[in-house]
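Asker: Sending over input26.txt (compact mmCIF, C-alpha atoms).
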```txt
# COMPACT_ATOMS: atom_id res chain seq x y z
CA MET A 28 0.00 0.00 0.00
CA LYS A 29 2.83 2.34 0.88
CA TYR A 30 4.44 1.66 -2.51
CA ILE A 31 1.16 2.21 -4.39
CA SER A 32 0.52 5.48 -2.50
CA LYS A 33 4.01 6.78 -3.43
CA LEU A 34 3.49 5.76 -7.05
CA GLN A 35 0.20 7.64 -7.23
CA SER A 36 1.82 10.74 -5.68
CA PHE A 37 4.66 10.56 -8.23
CA ARG A 38 2.16 10.36 -11.09
CA ARG A 39 0.30 13.44 -9.80
CA VAL A 40 3.58 15.42 -9.54
CA ALA A 41 4.66 14.30 -13.03
CA ALA A 42 1.32 15.29 -14.51
CA THR A 43 1.50 18.67 -12.82
CA CYS A 44 5.04 19.24 -14.16
CA ALA A 45 3.99 18.22 -17.66
CA VAL A 46 1.10 20.68 -17.61
CA ALA A 47 3.44 23.41 -16.35
CA LEU A 48 6.01 22.65 -19.07
CA VAL A 49 3.37 22.77 -21.81
CA ALA A 50 2.05 26.07 -20.47
CA HIS A 51 5.55 27.50 -20.24
CA ALA A 52 6.38 26.36 -23.77
CA SER A 53 3.19 27.89 -25.12
CA PHE A 54 3.92 31.19 -23.38
CA SER A 55 7.56 31.26 -24.52
CA SER A 56 6.58 30.44 -28.10
CA SER A 57 4.09 33.27 -28.06
CA GLY A 58 6.73 35.71 -26.72
CA TYR A 59 9.31 34.60 -29.33
CA ALA A 60 6.79 35.05 -32.10
CA GLN A 61 6.08 38.56 -30.92
CA GLN A 62 9.79 39.41 -30.94
CA ALA A 63 10.36 37.86 -34.35
CA THR A 64 7.39 39.65 -35.91
CA PRO A 65 7.38 43.29 -34.74
CA SER A 66 4.77 44.32 -37.31
CA PRO A 67 1.53 42.30 -37.10
CA SER A 68 0.06 40.91 -40.28
CA PRO A 69 -3.17 42.43 -41.58
CA ALA A 70 -5.19 39.69 -39.88
CA THR A 71 -7.72 40.13 -37.08
CA LEU A 72 -6.12 39.95 -33.62
CA LYS A 73 -7.69 38.87 -30.34
CA VAL A 74 -6.96 40.64 -27.09
CA SER A 75 -6.82 38.97 -23.65
CA ASP A 76 -10.54 39.32 -22.97
CA GLY A 77 -11.35 37.44 -26.18
CA LYS A 78 -12.70 40.47 -28.08
CA GLU A 79 -11.58 41.07 -31.63
CA ALA A 80 -9.22 44.02 -32.20
CA LYS A 81 -9.18 46.21 -35.30
CA GLU A 82 -6.97 45.20 -38.23
CA VAL A 83 -3.41 46.58 -38.19
CA LYS A 84 -1.66 46.87 -41.54
CA LYS A 85 1.98 47.42 -42.46
CA VAL A 86 2.86 50.92 -43.66
CA VAL A 87 4.45 50.67 -47.12
CA LEU A 88 6.31 53.81 -48.19
CA PRO A 89 6.02 54.77 -51.85
CA PRO A 90 9.21 54.39 -53.92
CA LYS A 91 11.41 57.47 -54.25
CA PRO A 92 10.69 59.17 -57.57
CA PRO A 93 13.60 59.22 -60.05
CA GLU A 94 15.67 62.35 -60.46
CA PRO A 95 14.29 64.59 -63.20
CA ARG A 96 16.24 64.45 -66.45
CA PHE A 97 15.91 68.18 -67.08
CA LYS A 98 17.27 70.52 -64.44
CA LEU A 99 17.56 74.27 -64.07
CA TYR A 100 20.04 75.17 -61.33
CA GLY A 101 22.89 77.46 -60.38
CA TRP A 102 25.02 78.98 -57.65
CA ILE A 103 26.61 82.18 -56.41
CA GLU A 104 30.20 82.14 -55.14
CA GLY A 105 32.03 84.97 -53.45
CA GLY A 106 35.13 85.11 -51.32
CA ILE A 107 38.23 86.92 -50.17
CA THR A 108 41.90 85.90 -49.91
CA GLY A 109 43.89 87.75 -47.29
CA ASN A 110 47.63 88.22 -47.64
CA PRO A 111 49.33 89.33 -44.38
CA ASN A 112 52.20 90.94 -46.35
CA SER A 113 49.79 93.22 -48.26
CA PRO A 114 51.60 93.18 -51.64
CA VAL A 115 51.93 96.61 -53.26
CA ASP A 116 50.24 95.40 -56.45
CA ASN A 117 47.50 93.54 -54.49
CA HIS A 118 48.35 90.24 -56.19
CA ASN A 119 48.66 86.76 -54.76
CA PHE A 120 51.30 85.34 -57.05
CA GLY A 121 50.60 81.86 -58.41
CA HIS A 122 46.83 82.33 -58.05
CA LEU A 123 44.29 82.98 -60.82
CA PHE A 124 40.72 82.76 -59.48
CA THR A 125 41.94 84.06 -56.08
CA ASP A 126 44.54 86.47 -57.46
CA ARG A 127 43.44 89.65 -55.66
CA ALA A 128 45.00 90.14 -52.22
CA ASN A 129 42.79 91.51 -49.45
CA GLU A 130 39.94 92.32 -51.84
CA PRO A 131 36.53 90.62 -51.96
CA LEU A 132 35.60 88.91 -55.24
CA LEU A 133 32.30 87.93 -56.79
CA ASN A 134 33.78 84.82 -58.34
CA GLN A 135 30.77 83.27 -60.01
CA VAL A 136 27.08 83.77 -60.61
CA VAL A 137 26.09 80.72 -62.65
CA ILE A 138 22.84 79.53 -64.23
CA THR A 139 22.64 76.10 -65.89
CA ALA A 140 20.03 74.37 -68.01
CA GLU A 141 20.76 70.69 -68.52
CA ARG A 142 19.17 67.45 -69.66
CA THR A 143 21.44 64.61 -68.58
CA LEU A 144 21.91 61.33 -70.34
CA ASP A 145 20.34 58.29 -68.69
CA SER A 146 23.28 56.35 -67.21
CA ASN A 147 21.27 53.12 -67.55
CA ALA A 148 20.09 53.73 -71.10
CA THR A 149 20.12 50.65 -73.32
CA GLY A 150 18.88 52.47 -76.43
CA PHE A 151 19.29 55.85 -78.06
CA ASP A 152 19.28 58.84 -75.70
CA TRP A 153 20.02 62.56 -75.95
CA GLY A 154 20.84 65.47 -73.71
CA PHE A 155 22.33 68.96 -73.62
CA LYS A 156 23.90 71.51 -71.32
CA PHE A 157 24.06 75.30 -71.39
CA GLN A 158 25.91 77.13 -68.63
CA PHE A 159 26.33 80.89 -68.31
CA MET A 160 28.66 82.62 -65.85
CA TYR A 161 29.04 86.19 -64.67
CA GLY A 162 31.94 86.78 -62.32
CA SER A 163 35.63 87.51 -61.82
CA ASP A 164 36.63 83.90 -62.60
CA ALA A 165 35.48 84.44 -66.20
CA ARG A 166 38.64 86.50 -66.85
CA TYR A 167 40.68 83.31 -66.93
CA ILE A 168 38.37 80.76 -68.56
CA HIS A 169 37.34 82.60 -71.74
CA SER A 170 37.75 80.70 -74.98
CA LEU A 171 39.09 82.67 -77.93
CA GLY A 172 36.39 84.52 -79.83
CA LEU A 173 33.52 83.85 -77.40
CA LEU A 174 32.85 86.88 -75.16
CA ASP A 175 36.60 87.04 -74.55
CA LEU A 176 36.83 90.85 -74.94
CA ALA A 177 33.25 91.74 -74.00
CA THR A 178 34.42 94.05 -71.21
CA ASN A 179 37.52 95.26 -69.36
CA ASP A 180 35.82 94.98 -65.98
CA ARG A 181 36.89 92.52 -63.32
CA VAL A 182 33.47 90.86 -63.35
CA GLN A 183 32.82 89.47 -66.82
CA PRO A 184 30.33 87.25 -68.68
CA ASP A 185 31.19 83.87 -70.18
CA ILE A 186 29.51 80.82 -71.67
CA VAL A 187 31.23 78.04 -69.78
CA GLU A 188 29.58 75.12 -71.60
CA ALA A 189 27.17 74.80 -74.52
CA TYR A 190 26.90 71.31 -76.00
CA ALA A 191 24.59 68.55 -77.15
CA ASN A 192 25.28 64.92 -76.31
CA LEU A 193 24.00 61.57 -77.56
CA HIS A 194 24.08 58.00 -76.31
CA LEU A 195 24.33 55.42 -79.08
CA PRO A 196 23.79 51.70 -78.30
CA ILE A 197 26.62 50.52 -80.55
CA LEU A 198 29.96 48.64 -80.41
CA THR A 199 29.67 47.48 -76.77
CA ALA A 200 27.00 46.73 -74.19
CA GLY A 201 27.72 50.11 -72.57
CA GLY A 202 27.46 51.95 -75.86
CA LEU A 203 29.05 55.17 -77.08
CA ASP A 204 28.49 58.73 -75.78
CA LEU A 205 29.11 61.63 -78.16
CA LYS A 206 29.42 65.29 -77.15
CA VAL A 207 29.54 68.23 -79.60
CA GLY A 208 30.02 71.89 -78.68
CA LYS A 209 31.97 73.69 -75.96
CA PHE A 210 32.76 71.76 -72.78
CA VAL A 211 35.22 71.77 -69.88
CA THR A 212 38.37 69.67 -70.00
CA LEU A 213 38.54 66.12 -68.69
CA GLU A 214 41.90 66.78 -67.05
CA GLY A 215 42.70 67.53 -63.44
CA ALA A 216 41.49 66.93 -59.90
CA GLU A 217 39.90 70.39 -59.67
CA THR A 218 37.19 72.03 -61.73
CA ILE A 219 35.76 75.44 -62.65
CA ASP A 220 32.62 74.39 -60.77
CA PRO A 221 33.41 75.31 -57.11
CA ARG A 222 30.95 72.76 -55.72
CA THR A 223 33.24 69.85 -56.57
CA ASN A 224 36.45 71.33 -55.16
CA VAL A 225 37.97 70.79 -51.73
CA PHE A 226 39.33 74.35 -51.43
CA TYR A 227 38.66 77.92 -52.53
CA SER A 228 42.15 78.42 -53.96
CA HIS A 229 43.41 76.26 -56.81
CA SER A 230 46.55 74.21 -57.39
CA TYR A 231 49.38 75.15 -59.76
CA ILE A 232 48.32 72.15 -61.85
CA PHE A 233 44.80 73.56 -62.30
CA ASN A 234 46.01 77.10 -62.99
CA PHE A 235 48.93 76.37 -65.33
CA GLY A 236 49.09 72.64 -66.18
CA ILE A 237 45.78 71.80 -67.88
CA PRO A 238 43.29 73.40 -70.32
CA PHE A 239 40.12 75.00 -68.97
CA ASN A 240 37.85 74.15 -71.89
CA ASN A 241 37.64 72.69 -75.40
CA THR A 242 35.37 73.32 -78.38
CA GLY A 243 34.85 70.38 -80.73
CA ALA A 244 33.66 66.78 -80.53
CA GLN A 245 34.38 64.17 -77.87
CA ALA A 246 33.47 60.48 -77.75
CA VAL A 247 33.43 58.09 -74.80
CA LEU A 248 33.28 54.36 -75.45
CA HIS A 249 32.10 52.38 -72.43
CA ALA A 250 34.20 49.36 -73.35
CA THR A 251 33.44 47.40 -70.18
CA LYS A 252 31.97 48.12 -66.76
CA TRP A 253 35.43 49.14 -65.59
CA LEU A 254 37.01 50.68 -68.74
CA ASP A 255 36.09 53.86 -70.64
CA ILE A 256 38.01 55.09 -73.70
CA TYR A 257 38.00 58.82 -74.53
CA ALA A 258 38.88 60.47 -77.84
CA GLY A 259 38.09 63.87 -79.31
CA ILE A 260 39.11 66.63 -81.69
CA ASN A 261 38.95 70.30 -80.69
CA ARG A 262 40.20 73.71 -81.76
CA GLY A 263 42.87 73.88 -79.06
CA VAL A 264 43.31 74.98 -75.47
CA ASN A 265 40.63 77.52 -74.50
CA THR A 266 39.73 78.12 -78.16
CA SER A 267 36.27 78.44 -79.74
CA ILE A 268 35.27 80.79 -82.56
CA ASN A 269 38.71 82.30 -83.23
CA ASP A 270 41.89 80.23 -83.40
CA ASN A 271 45.31 81.79 -82.78
CA ASN A 272 47.04 79.35 -85.17
CA GLN A 273 44.26 77.68 -87.21
CA SER A 274 45.17 74.18 -85.98
CA LEU A 275 43.26 71.31 -84.41
CA ALA A 276 44.16 69.44 -81.23
CA PHE A 277 43.45 66.03 -79.76
CA GLU A 278 42.22 65.15 -76.28
CA GLY A 279 41.80 61.55 -75.19
CA GLY A 280 42.75 58.80 -72.81
CA VAL A 281 41.33 56.09 -70.58
CA GLY A 282 39.22 55.90 -67.44
CA LEU A 283 39.19 53.01 -64.96
CA ASN A 284 36.34 52.31 -62.55
CA LEU A 285 37.49 49.75 -59.98
CA LEU A 286 36.46 48.38 -56.56
CA ASP A 287 32.75 49.05 -57.21
CA GLY A 288 33.52 52.69 -57.95
CA ASN A 289 35.65 53.27 -54.85
CA LEU A 290 38.81 53.56 -56.98
CA THR A 291 38.83 55.58 -60.21
CA VAL A 292 41.70 56.54 -62.49
CA LEU A 293 41.43 59.07 -65.33
CA ALA A 294 44.49 59.44 -67.60
CA ILE A 295 44.09 62.13 -70.27
CA THR A 296 46.39 63.85 -72.77
CA HIS A 297 45.80 67.02 -74.78
CA ALA A 298 48.10 67.57 -77.75
CA GLY A 299 48.30 70.15 -80.53
CA PRO A 300 49.82 73.50 -81.58
CA GLU A 301 48.97 76.25 -79.07
CA THR A 302 51.43 79.09 -79.73
CA PRO A 303 49.88 82.09 -81.55
CA ARG A 304 50.70 82.13 -85.28
CA ASN A 305 52.64 78.86 -84.95
CA ASN A 306 50.96 75.71 -86.25
CA HIS A 307 53.91 73.32 -86.15
CA ASP A 308 55.25 73.40 -82.57
CA TRP A 309 53.00 71.31 -80.36
CA ARG A 310 52.12 71.55 -76.69
CA TYR A 311 51.42 68.37 -74.71
CA LEU A 312 49.37 68.51 -71.51
CA ASN A 313 49.14 65.18 -69.67
CA ASP A 314 47.30 64.48 -66.43
CA VAL A 315 46.46 61.40 -64.36
CA THR A 316 43.94 61.74 -61.53
CA THR A 317 43.39 58.86 -59.08
CA THR A 318 40.55 59.01 -56.57
CA TRP A 319 40.42 56.35 -53.86
CA LYS A 320 37.56 56.26 -51.38
CA VAL A 321 39.45 54.39 -48.66
CA THR A 322 36.49 54.37 -46.27
CA LYS A 323 33.08 55.99 -46.19
CA GLN A 324 34.64 59.04 -44.52
CA PHE A 325 38.23 59.10 -45.82
CA THR A 326 39.22 59.88 -49.45
CA SER A 327 42.59 60.18 -51.16
CA ILE A 328 43.07 62.08 -54.46
CA THR A 329 46.36 62.06 -56.37
CA ASP A 330 46.92 64.35 -59.37
CA LEU A 331 50.01 63.78 -61.56
CA ASN A 332 50.84 66.36 -64.24
CA LEU A 333 53.39 66.67 -67.06
CA ILE A 334 53.34 69.31 -69.81
CA TYR A 335 55.78 70.24 -72.58
CA ASP A 336 55.84 73.06 -75.12
CA GLN A 337 57.96 72.43 -78.22
CA GLY A 338 58.25 76.09 -79.19
CA ALA A 339 59.67 77.12 -75.82
CA ASN A 340 61.32 73.73 -75.21
CA ALA A 341 59.87 74.02 -71.69
CA TYR A 342 58.64 71.37 -69.28
CA GLY A 343 56.29 71.75 -66.35
CA TYR A 344 55.53 68.87 -64.02
CA GLY A 345 54.44 67.98 -60.53
CA VAL A 346 52.04 66.22 -58.20
CA ALA A 347 49.23 67.32 -55.91
CA GLN A 348 48.00 65.07 -53.11
CA TYR A 349 44.66 65.58 -51.35
CA PHE A 350 43.19 63.95 -48.26
CA THR A 351 39.65 64.58 -47.08
CA TYR A 352 37.79 63.30 -44.05
CA SER A 353 34.03 63.68 -43.57
CA VAL A 354 33.39 64.12 -39.85
CA ASN A 355 29.62 64.08 -40.42
CA ASP A 356 27.06 65.20 -42.97
CA TRP A 357 27.92 68.89 -42.62
CA LEU A 358 31.66 69.01 -41.86
CA GLN A 359 34.63 67.90 -43.99
CA LEU A 360 38.33 68.36 -43.25
CA GLY A 361 40.81 68.70 -46.10
CA ILE A 362 44.51 69.05 -46.79
CA ARG A 363 46.40 69.47 -50.08
CA GLY A 364 50.13 69.27 -50.67
CA GLU A 365 51.65 70.11 -54.05
CA ILE A 366 55.05 70.36 -55.70
CA TRP A 367 55.13 71.75 -59.24
CA ARG A 368 58.20 72.62 -61.33
CA ASP A 369 58.24 75.37 -63.97
CA GLU A 370 61.49 74.43 -65.64
CA LYS A 371 62.09 77.64 -67.63
CA GLY A 372 59.65 80.08 -66.07
CA PHE A 373 57.36 79.66 -69.08
CA TYR A 374 54.06 78.84 -67.36
CA VAL A 375 53.55 80.44 -63.93
CA ALA A 376 52.83 84.17 -63.91
CA GLN A 377 50.55 86.91 -62.63
CA PHE A 378 48.46 89.28 -64.74
CA ARG A 379 47.74 92.82 -63.60
CA ALA A 380 44.98 93.97 -65.98
CA ASN A 381 41.72 92.07 -66.18
CA ASN A 382 42.20 91.08 -69.83
CA ASP A 383 45.96 90.52 -69.92
CA PHE A 384 45.58 86.73 -69.64
CA ILE A 385 43.25 86.44 -72.64
CA HIS A 386 45.31 88.95 -74.67
CA ILE A 387 48.39 86.76 -74.21
CA GLU A 388 46.44 83.65 -75.23
CA ARG A 389 45.18 85.44 -78.33
CA GLY A 390 48.69 86.64 -79.23
CA ASP A 391 47.70 90.32 -79.08
CA ASN A 392 50.30 93.04 -78.81
CA ILE A 393 49.86 94.64 -75.40
CA PRO A 394 51.93 97.39 -73.78
CA PHE A 395 54.66 96.27 -71.41
CA ASP A 396 53.44 96.12 -67.83
CA PRO A 397 56.01 95.60 -65.05
CA SER A 398 53.34 93.96 -62.89
CA ASN A 399 52.88 91.09 -65.35
CA LEU A 400 55.52 89.03 -63.63
CA GLY A 401 56.79 85.49 -64.12
CA GLY A 402 58.22 83.29 -61.43
CA GLY A 403 61.36 82.23 -63.25
CA ASN A 404 62.96 78.80 -63.18
CA THR A 405 61.28 77.68 -59.97
CA THR A 406 59.97 74.64 -58.12
CA TYR A 407 56.87 75.55 -56.12
CA LEU A 408 55.65 74.03 -52.87
CA ALA A 409 52.09 74.72 -51.74
CA ILE A 410 50.38 73.34 -48.64
CA THR A 411 46.71 74.09 -48.00
CA GLY A 412 44.48 73.10 -45.10
CA GLY A 413 40.84 73.90 -44.56
CA VAL A 414 37.32 72.78 -43.80
CA THR A 415 34.06 72.63 -45.73
CA ILE A 416 30.91 73.43 -43.73
CA LYS A 417 27.50 72.49 -45.13
CA PRO A 418 24.82 73.92 -42.83
CA PRO A 419 21.19 72.86 -43.38
CA MET A 420 19.28 75.34 -45.51
CA PRO A 421 15.56 75.90 -46.06
CA LYS A 422 13.94 75.47 -49.45
CA PRO A 423 14.25 76.72 -52.15
CA VAL A 424 17.98 76.98 -51.34
CA ALA A 425 19.66 73.75 -52.49
CA GLY A 426 22.72 74.09 -50.27
CA LEU A 427 25.43 76.28 -48.82
CA LEU A 428 29.20 75.62 -48.72
CA ILE A 429 31.44 77.65 -46.40
CA ARG A 430 35.16 77.05 -46.88
CA PRO A 431 37.86 78.75 -44.79
CA GLU A 432 41.46 77.80 -45.61
CA VAL A 433 45.08 78.59 -44.81
CA ARG A 434 47.73 78.23 -47.53
CA TYR A 435 51.52 78.44 -47.58
CA ASP A 436 53.53 78.76 -50.82
CA ARG A 437 57.33 78.59 -51.08
CA ALA A 438 59.90 78.60 -53.86
CA LEU A 439 62.13 75.59 -53.25
CA THR A 440 64.82 76.94 -55.58
CA ASP A 441 67.17 79.77 -54.57
CA ARG A 442 67.63 81.51 -57.90
CA PHE A 443 64.24 83.29 -58.06
CA LYS A 444 61.92 84.94 -55.56
CA PRO A 445 58.54 84.85 -57.29
CA PHE A 446 56.27 86.30 -54.59
CA GLU A 447 55.54 89.92 -53.67
CA GLN A 448 56.78 91.36 -56.96
CA ASN A 449 59.76 89.02 -57.09
CA THR A 450 61.05 89.95 -53.64
CA SER A 451 60.14 86.91 -51.50
CA ARG A 452 60.42 83.14 -51.57
CA ASP A 453 57.36 82.71 -49.30
CA GLN A 454 53.69 83.61 -49.32
CA TRP A 455 50.98 83.04 -46.71
CA THR A 456 47.32 83.47 -47.61
CA ILE A 457 44.10 83.04 -45.67
CA GLY A 458 41.07 82.39 -47.85
CA PHE A 459 37.35 82.22 -47.29
CA ASP A 460 34.48 81.66 -49.70
CA ALA A 461 30.81 80.78 -49.66
CA VAL A 462 28.85 78.98 -52.39
CA LEU A 463 25.07 79.40 -52.28
CA GLN A 464 23.31 76.79 -54.43
CA PHE A 465 19.83 77.00 -55.87
```
Any chance you could give the structure as structure tokens?

Answerer:
Amino acid sequence: MKYISKLQSFRRVAATCAVALVAHASFSSSGYAQQATPSPSPATLKVSDGKEAKEVKKVVLPPKPPEPRFKLYGWIEGGITGNPNSPVDNHNFGHLFTDRANEPLLNQVVITAERTLDSNATGFDWGFKFQFMYGSDARYIHSLGLLDLATNDRVQPDIVEAYANLHLPILTAGGLDLKVGKFVTLEGAETIDPRTNVFYSHSYIFNFGIPFNNTGAQAVLHATKWLDIYAGINRGVNTSINDNNQSLAFEGGVGLNLLDGNLTVLAITHAGPETPRNNHDWRYLNDVTTTWKVTKQFTSITDLNLIYDQGANAYGYGVAQYFTYSVNDWLQLGIRGEIWRDEKGFYVAQFRANNDFIHIERGDNIPFDPSNLGGGNTTYLAITGGVTIKPPMPKPVAGLLIRPEVRYDRALTDRFKPFEQNTSRDQWTIGFDAVLQF
């Protein structure tokens, strides 16, 4: 009897434990399901008192509309470059767009109308771009014969780009893009458009080692997903309606798109006669720009440059290295180091009058001006550090860039003192600009 009584007690305990385990498993399964499915399905739910609850449905956001193909946009850029030494002629030697010392500049007021090509087009496509500028930067980017002598003022008009482009689904899966008209050069790490630059001031390579624009035809063959081949014929460096030697030039090269776009290389050469009234001595301008997005925040840009003019038998060459770090969405840190050699003092100079630069390109006879100075046979060092601030802006303003910078230039050779009217080997400048986008 004692054994039977114990056995019955054991069975009651076991049954109780089994019921408890089943209840616990059911409760745990219900809790896990709630964690695994944060958004209830659009089925009817029951609450604890057994009443039916209202249906709860998932919120599905509509897809983001594609970017419009046609855009009308622009920007206004103004700035000032301080020079603690206050040069007598108010010039920052080695600068073009930021050439005036301690004087504010309205660099650019730009309006652009553009219809971009569809980057995913598999058939025929077309586009165009027209860009007009009014500002002090226009003094240095005129192409011959197109508004180049419209005014003697510091602030001048210019048509920066005016072209039509086509996408043709031929030769390769990526097809062929064709551009006809006036367009900016492919060369260099810096651009006329201030929105794509790290700093307000420009490198020696940008100022003296590459063209600003071409007028002609340019083709881009998308050979593979990672290889583009460029080739084009144009009227010469910064040349449109008028030509100072009636000769054509070639611009072409290759572009590499590697590591899912995180590493790009663009190697371009521009070759042709450029000396006024001389159509047999060629000038070669070669540039290789490598952009490596090391991480989401950190980017490295390397710009290699080599140019040669047969008529002057003069080389210019150097390298500019950039590093940028994005602290957050509105703050970027940047540094640029550059060494550029002007072997015979043929390239680097300053221009006192507003139209002296274009007059020299045209081959015009202009009166001697002692302030139009060259830097001589010199190797230049330039180190620039600064930040880019992008504060949030209300509509309809598209954005605002604020870029303070500090720059140090030095002649590494002893023979010439290019700065401050050829009296100093050093030059400090403190620059600041703002770019309002709309």

Asker: May I have the residues within 10 Å of Leu290 (chain A) as number ranges by chain, using all atoms listed in the file and disregarding those fewer than 2 positions away in the same chain?

Answerer: A: 283-288, 292, 317-321, 326-328

Asker: Name all residues at most 10 Å from region 272-281 of chain A (count all atoms listed in the file; drop same-chain ones fewer than 5 positions away) and give them as a JSON list (two decimals) with C-alpha atoms, in the coordinates of the input.

Answerer:
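The result, written out as out.json:
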```json
[["chain", "number", "residue", "atom", "x", "y", "z"],
["A", 212, "THR", "CA", 38.37, 69.67, -70.00],
["A", 213, "LEU", "CA", 38.54, 66.12, -68.69],
["A", 214, "GLU", "CA", 41.90, 66.78, -67.05],
["A", 241, "ASN", "CA", 37.64, 72.69, -75.40],
["A", 243, "GLY", "CA", 34.85, 70.38, -80.73],
["A", 244, "ALA", "CA", 33.66, 66.78, -80.53],
["A", 245, "GLN", "CA", 34.38, 64.17, -77.87],
["A", 246, "ALA", "CA", 33.47, 60.48, -77.75],
["A", 247, "VAL", "CA", 33.43, 58.09, -74.80],
["A", 248, "LEU", "CA", 33.28, 54.36, -75.45],
["A", 254, "LEU", "CA", 37.01, 50.68, -68.74],
["A", 255, "ASP", "CA", 36.09, 53.86, -70.64],
["A", 256, "ILE", "CA", 38.01, 55.09, -73.70],
["A", 257, "TYR", "CA", 38.00, 58.82, -74.53],
["A", 258, "ALA", "CA", 38.88, 60.47, -77.84],
["A", 259, "GLY", "CA", 38.09, 63.87, -79.31],
["A", 260, "ILE", "CA", 39.11, 66.63, -81.69],
["A", 261, "ASN", "CA", 38.95, 70.30, -80.69],
["A", 262, "ARG", "CA", 40.20, 73.71, -81.76],
["A", 263, "GLY", "CA", 42.87, 73.88, -79.06],
["A", 264, "VAL", "CA", 43.31, 74.98, -75.47],
["A", 266, "THR", "CA", 39.73, 78.12, -78.16],
["A", 292, "VAL", "CA", 41.70, 56.54, -62.49],
["A", 293, "LEU", "CA", 41.43, 59.07, -65.33],
["A", 294, "ALA", "CA", 44.49, 59.44, -67.60],
["A", 295, "ILE", "CA", 44.09, 62.13, -70.27],
["A", 296, "THR", "CA", 46.39, 63.85, -72.77],
["A", 297, "HIS", "CA", 45.80, 67.02, -74.78],
["A", 298, "ALA", "CA", 48.10, 67.57, -77.75],
["A", 299, "GLY", "CA", 48.30, 70.15, -80.53],
["A", 300, "PRO", "CA", 49.82, 73.50, -81.58],
["A", 301, "GLU", "CA", 48.97, 76.25, -79.07],
["A", 302, "THR", "CA", 51.43, 79.09, -79.73],
["A", 303, "PRO", "CA", 49.88, 82.09, -81.55],
["A", 304, "ARG", "CA", 50.70, 82.13, -85.28],
["A", 305, "ASN", "CA", 52.64, 78.86, -84.95],
["A", 306, "ASN", "CA", 50.96, 75.71, -86.25],
["A", 307, "HIS", "CA", 53.91, 73.32, -86.15],
["A", 309, "TRP", "CA", 53.00, 71.31, -80.36],
["A", 310, "ARG", "CA", 52.12, 71.55, -76.69],
["A", 311, "TYR", "CA", 51.42, 68.37, -74.71],
["A", 312, "LEU", "CA", 49.37, 68.51, -71.51],
["A", 313, "ASN", "CA", 49.14, 65.18, -69.67],
["A", 314, "ASP", "CA", 47.30, 64.48, -66.43],
["A", 315, "VAL", "CA", 46.46, 61.40, -64.36],
["A", 389, "ARG", "CA", 45.18, 85.44, -78.33],
["A", 390, "GLY", "CA", 48.69, 86.64, -79.23]]
```

Asker: For Arg379 (chain A), which residue among A:Phe155, A:Val211, A:Asn179, A:Gln337 is the nearest when counting all atoms listed in the file?

Answerer: A:Asn179

Asker: Between CA of Ala216 (chain A) and CA of Met160 (chain A), what distance in Å does the model show, to one decimal?

Answerer: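 Taking CA of Ala216 (chain A) as the start and CA of Met160 (chain A) as the end point, the length is 21.1 Å.
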
Asker: Residues within 7 Å of region 109-111 of chain A, please, as a ChimeraX atom specification. Count all atoms listed in the file; anything in the same chain fewer than 5 positions from it doesn't count.

Answerer: /A:128-129,455-458

Asker: Taking only C-alpha atoms into account, which of A:Leu173, A:Asn355, A:Gln448, A:Ala191 comes nearest Asn269 (chain A)?

Answerer: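 Of A:Leu173, A:Asn355, A:Gln448, A:Ala191, the one nearest Asn269 (chain A) is A:Leu173, counting only C-alpha atoms.
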
Asker: Which residues are near region 364-371 of chain A? Cut-off 8 Å, only C-alpha atoms, ignore same chain within fewer than 2 positions. Put them as a PyMOL selection string.

Answerer: chain A and resi 230-232+341-349+362+373-375+403-411

Asker: Which residue out of A:Asn382, A:Asn112, A:Asn224, A:Asn449 has the minimum interatomic distance to His169 (chain A) when only C-alpha atoms are used?

Answerer: A:Asn382

Asker: To one decimal place in Å, what is the distance between CA of Thr322 (chain A) and CA of Phe350 (chain A)?

Answerer: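 These atoms are spaced 11.9 Å apart.
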
Asker: Find the spatial neighbours of Ile138 (chain A), counting all atoms listed in the file, within a cut-off of 6 Å - ignore same-chain residues fewer than 3 positions away - and output them as a count of residues only.

Answerer: 4

Asker: Could the centre and edge lengths of an axis-aligned box, enclosing all atoms of region 414-423 of chain A in the file with 6 Å extra on each side, be given in Å to one decimal as lines of an AutoDock Vina configuration file?

Answerer:
```
center_x = 25.6
center_y = 74.6
center_z = -47.5
size_x = 35.4
size_y = 16.2
size_z = 21.3
```

Asker: Which protein, DNA or RNA residues are at most 10 Å from (39.7, 89.6, -53.5) in the file's coordinates when you count only C-alpha atoms, listed as JSON, numbers by chain?

Answerer: {"A": [105, 106, 107, 108, 109, 110, 117, 118, 119, 124, 125, 126, 127, 128, 129, 130, 131, 132, 133, 134, 163, 458, 459]}

Asker: Taking only C-alpha atoms into account, which of A:Phe395, A:Val354, A:Gly402, A:Asn265 comes nearest Gly172 (chain A)?

Answerer: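 Smallest separation from Gly172 (chain A) among the options: A:Asn265.
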
Asker: Compare A:Gly150, A:Ala380, A:Lys209, A:Ile416 by their minimum atom-to-atom distance to Ile393 (chain A), counting all atoms listed in the file, and give me the closest one.

Answerer: A:Ala380

Asker: Rank A:Lys156, A:His249, A:Arg452, A:Lys98 by their smallest atom-to-atom distance to Phe210 (chain A), using only C-alpha atoms, and report the top residue only.

Answerer: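 Answer, going by the shortest atom-to-atom distance: A:Lys156.
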
Asker: What is the distance between CA of Gly412 (chain A) and CA of Gln454 (chain A), in Å to one decimal?

Answerer: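 So the answer is 14.6 Å.
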